[in-house]
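A.B. asks: Pasting a structure here, questions to come.
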Amino acid sequence: MEKIDPQPDHLRLERYRPGTQVTYKGKRYSIQRRTTLASGEAAVVLQSDTEQFVVSASQFIAAISS
């Protein structure tokens, strides 16, 4: 079986572990989990007190501040 090399977006998300608090687009969220979209693109599930949603890694990295 052939080993699949991780994509750069997956590698860039390694430091954002579940439970990490981040500011995304000016609001505070907790990273619920890291995941992969059906397209194969890396993504994270963000959660606050009132909402939960999935955002692609490229959008997340572009709008994040720790």
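By order of appearance in the structure tokens: chains A, B, ..., then residues from 1 within every chain, and ligands from 1 in the order shown.
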List as a list in words the protein and nucleic acid residues near stretch 50-61 of chain A, meaning an atom at most 8 Å away when only C-alpha atoms are counted, but skip any in the same chain fewer than 3 places from it.
C.D. replies: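 The neighbour list is Asp9, His10, Leu13, Tyr24, Leu37, Glu41, Ala42, Ala43, Val44, Val45, Leu46, Gln47 and Ile64 of chain A.
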A.B. asks: Mind listing the helix (DSSP H, G or I) residues of chain A, per DSSP on the backbone, as a list in words?
C.D. replies: Pro8, Asp9, His10, Leu11, Arg12, Ala57, Ser58, Gln59, Phe60, Ile61, Ala62 and Ala63 of chain A
A.B. asks: Got time to write the residues from that selection, N, CA, C and O atoms, as a compact mmCIF listing (two decimals), in the first residue's frame?
C.D. replies:
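The resulting file, result_29.txt, is shown below:
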# COMPACT_ATOMS: atom_id res chain seq x y z
N PRO A 8 -0.15 20.44 2.41
CA PRO A 8 0.36 21.58 3.19
C PRO A 8 -0.67 22.16 4.16
O PRO A 8 -0.30 22.51 5.28
N ASP A 9 -1.94 22.25 3.77
CA ASP A 9 -2.95 22.80 4.69
C ASP A 9 -3.12 21.94 5.93
O ASP A 9 -3.32 22.44 7.02
N HIS A 10 -3.05 20.62 5.76
CA HIS A 10 -3.15 19.73 6.91
C HIS A 10 -1.97 19.96 7.85
O HIS A 10 -2.13 19.99 9.07
N LEU A 11 -0.80 20.14 7.29
CA LEU A 11 0.39 20.37 8.11
C LEU A 11 0.32 21.70 8.84
O LEU A 11 0.75 21.81 9.99
N ARG A 12 -0.23 22.72 8.19
CA ARG A 12 -0.35 24.04 8.82
C ARG A 12 -1.33 24.02 9.99
O ARG A 12 -1.25 24.87 10.88
N ALA A 57 -9.29 25.15 5.91
CA ALA A 57 -8.00 25.53 6.48
C ALA A 57 -7.48 26.83 5.88
O ALA A 57 -6.96 27.68 6.61
N SER A 58 -7.63 27.02 4.59
CA SER A 58 -7.10 28.23 3.96
C SER A 58 -7.83 29.46 4.48
O SER A 58 -7.19 30.49 4.77
N GLN A 59 -9.15 29.39 4.65
CA GLN A 59 -9.90 30.52 5.20
C GLN A 59 -9.55 30.75 6.68
O GLN A 59 -9.43 31.88 7.13
N PHE A 60 -9.41 29.67 7.40
CA PHE A 60 -9.07 29.72 8.82
C PHE A 60 -7.71 30.39 9.04
O PHE A 60 -7.59 31.34 9.80
N ILE A 61 -6.70 29.91 8.33
CA ILE A 61 -5.34 30.46 8.47
C ILE A 61 -5.30 31.94 8.09
O ILE A 61 -4.63 32.75 8.74
N ALA A 62 -6.03 32.31 7.06
CA ALA A 62 -6.03 33.70 6.59
C ALA A 62 -6.69 34.65 7.60
O ALA A 62 -6.32 35.83 7.64
N ALA A 63 -7.63 34.18 8.41
CA ALA A 63 -8.40 35.07 9.29
C ALA A 63 -8.12 34.88 10.78
O ALA A 63 -8.77 35.49 11.61
A.B. asks: Can you list, as a PyMOL selection string, every protein, DNA or RNA residue that comes within 10 Å of A:Tyr16 when you count only C-alpha atoms, leaving out same-chain residues fewer than 2 positions away?
C.D. replies: chain A and resi 12-14+18-22+30-31+33-34+44+66
A.B. asks: So that I can check the secondary structure, give me every residue of chain A assigned strand (DSSP E) by backbone DSSP, as a list in words.
C.D. replies: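 Answer for chain A restricted to strand (DSSP E) is Gln21, Val22, Thr23, Tyr24, Lys27, Arg28, Tyr29, Ser30, Ile31, Gln32, Arg33, Arg34, Thr35, Thr36, Ala42, Ala43, Val44, Val45, Leu46, Gln47, Gln52, Phe53, Val54, Val55, Ser56, Ile64 and Ser65 of chain A.
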A.B. asks: Would you export the selected residues with N, CA and C atoms as a PDB file, in the first residue's frame, please?
C.D. replies:
ATOM      1  N   GLN A  21      -8.142  27.775  22.068  1.00  0.00           N
ATOM      2  CA  GLN A  21      -8.957  28.977  21.914  1.00  0.00           C
ATOM      3  C   GLN A  21      -8.303  29.881  20.871  1.00  0.00           C
ATOM      4  N   VAL A  22      -9.093  30.353  19.915  1.00  0.00           N
ATOM      5  CA  VAL A  22      -8.583  31.226  18.859  1.00  0.00           C
ATOM      6  C   VAL A  22      -9.574  32.360  18.606  1.00  0.00           C
ATOM      7  N   THR A  23      -9.085  33.426  17.988  1.00  0.00           N
ATOM      8  CA  THR A  23      -9.958  34.506  17.544  1.00  0.00           C
ATOM      9  C   THR A  23     -10.029  34.422  16.033  1.00  0.00           C
ATOM     10  N   TYR A  24     -11.240  34.187  15.538  1.00  0.00           N
ATOM     11  CA  TYR A  24     -11.484  34.040  14.104  1.00  0.00           C
ATOM     12  C   TYR A  24     -12.461  35.137  13.695  1.00  0.00           C
ATOM     13  N   LYS A  27     -14.029  37.133  16.609  1.00  0.00           N
ATOM     14  CA  LYS A  27     -14.803  36.447  17.640  1.00  0.00           C
ATOM     15  C   LYS A  27     -13.996  35.290  18.216  1.00  0.00           C
ATOM     16  N   ARG A  28     -14.215  34.998  19.485  1.00  0.00           N
ATOM     17  CA  ARG A  28     -13.493  33.936  20.181  1.00  0.00           C
ATOM     18  C   ARG A  28     -14.192  32.594  19.974  1.00  0.00           C
ATOM     19  N   TYR A  29     -13.424  31.597  19.561  1.00  0.00           N
ATOM     20  CA  TYR A  29     -13.940  30.252  19.343  1.00  0.00           C
ATOM     21  C   TYR A  29     -12.984  29.229  19.932  1.00  0.00           C
ATOM     22  N   SER A  30     -13.503  28.053  20.145  1.00  0.00           N
ATOM     23  CA  SER A  30     -12.709  26.903  20.547  1.00  0.00           C
ATOM     24  C   SER A  30     -12.667  25.958  19.349  1.00  0.00           C
ATOM     25  N   ILE A  31     -11.510  25.377  19.101  1.00  0.00           N
ATOM     26  CA  ILE A  31     -11.412  24.391  18.022  1.00  0.00           C
ATOM     27  C   ILE A  31     -11.994  23.085  18.539  1.00  0.00           C
ATOM     28  N   GLN A  32     -13.067  22.663  17.933  1.00  0.00           N
ATOM     29  CA  GLN A  32     -13.749  21.423  18.326  1.00  0.00           C
ATOM     30  C   GLN A  32     -12.973  20.214  17.801  1.00  0.00           C
ATOM     31  N   ARG A  33     -12.614  20.275  16.516  1.00  0.00           N
ATOM     32  CA  ARG A  33     -11.801  19.208  15.908  1.00  0.00           C
ATOM     33  C   ARG A  33     -11.281  19.655  14.555  1.00  0.00           C
ATOM     34  N   ARG A  34     -10.296  18.935  14.077  1.00  0.00           N
ATOM     35  CA  ARG A  34      -9.806  19.131  12.712  1.00  0.00           C
ATOM     36  C   ARG A  34     -10.437  18.039  11.867  1.00  0.00           C
ATOM     37  N   THR A  35     -10.686  18.349  10.601  1.00  0.00           N
ATOM     38  CA  THR A  35     -11.365  17.391   9.744  1.00  0.00           C
ATOM     39  C   THR A  35     -10.929  17.587   8.304  1.00  0.00           C
ATOM     40  N   THR A  36     -11.518  16.835   7.414  1.00  0.00           N
ATOM     41  CA  THR A  36     -11.258  16.956   5.980  1.00  0.00           C
ATOM     42  C   THR A  36     -12.598  17.074   5.263  1.00  0.00           C
ATOM     43  N   ALA A  42      -8.327  20.340   3.951  1.00  0.00           N
ATOM     44  CA  ALA A  42      -8.311  20.368   5.407  1.00  0.00           C
ATOM     45  C   ALA A  42      -9.286  21.423   5.916  1.00  0.00           C
ATOM     46  N   ALA A  43      -9.832  21.180   7.113  1.00  0.00           N
ATOM     47  CA  ALA A  43     -10.787  22.114   7.704  1.00  0.00           C
ATOM     48  C   ALA A  43     -10.764  21.974   9.216  1.00  0.00           C
ATOM     49  N   VAL A  44     -11.371  22.944   9.894  1.00  0.00           N
ATOM     50  CA  VAL A  44     -11.535  22.871  11.345  1.00  0.00           C
ATOM     51  C   VAL A  44     -13.004  23.139  11.688  1.00  0.00           C
ATOM     52  N   VAL A  45     -13.440  22.564  12.797  1.00  0.00           N
ATOM     53  CA  VAL A  45     -14.770  22.832  13.328  1.00  0.00           C
ATOM     54  C   VAL A  45     -14.569  23.815  14.474  1.00  0.00           C
ATOM     55  N   LEU A  46     -15.176  24.995  14.357  1.00  0.00           N
ATOM     56  CA  LEU A  46     -15.075  26.026  15.386  1.00  0.00           C
ATOM     57  C   LEU A  46     -16.383  26.077  16.164  1.00  0.00           C
ATOM     58  N   GLN A  47     -16.262  26.338  17.479  1.00  0.00           N
ATOM     59  CA  GLN A  47     -17.447  26.376  18.319  1.00  0.00           C
ATOM     60  C   GLN A  47     -17.340  27.524  19.317  1.00  0.00           C
ATOM     61  N   GLN A  52     -21.688  26.690  15.993  1.00  0.00           N
ATOM     62  CA  GLN A  52     -20.667  25.724  15.611  1.00  0.00           C
ATOM     63  C   GLN A  52     -20.687  25.642  14.090  1.00  0.00           C
ATOM     64  N   PHE A  53     -19.492  25.665  13.464  1.00  0.00           N
ATOM     65  CA  PHE A  53     -19.433  25.601  12.008  1.00  0.00           C
ATOM     66  C   PHE A  53     -18.077  25.080  11.549  1.00  0.00           C
ATOM     67  N   VAL A  54     -18.019  24.695  10.291  1.00  0.00           N
ATOM     68  CA  VAL A  54     -16.800  24.178   9.661  1.00  0.00           C
ATOM     69  C   VAL A  54     -16.245  25.268   8.752  1.00  0.00           C
ATOM     70  N   VAL A  55     -14.934  25.456   8.804  1.00  0.00           N
ATOM     71  CA  VAL A  55     -14.269  26.424   7.933  1.00  0.00           C
ATOM     72  C   VAL A  55     -13.034  25.754   7.331  1.00  0.00           C
ATOM     73  N   SER A  56     -12.785  26.014   6.066  1.00  0.00           N
ATOM     74  CA  SER A  56     -11.629  25.405   5.394  1.00  0.00           C
ATOM     75  C   SER A  56     -10.335  25.936   6.003  1.00  0.00           C
ATOM     76  N   ILE A  64      -7.145  34.057  11.122  1.00  0.00           N
ATOM     77  CA  ILE A  64      -6.904  33.707  12.512  1.00  0.00           C
ATOM     78  C   ILE A  64      -5.981  34.680  13.232  1.00  0.00           C
ATOM     79  N   SER A  65      -6.221  34.830  14.508  1.00  0.00           N
ATOM     80  CA  SER A  65      -5.256  35.453  15.415  1.00  0.00           C
ATOM     81  C   SER A  65      -5.373  34.722  16.740  1.00  0.00           C
TER      82      SER A  65
END
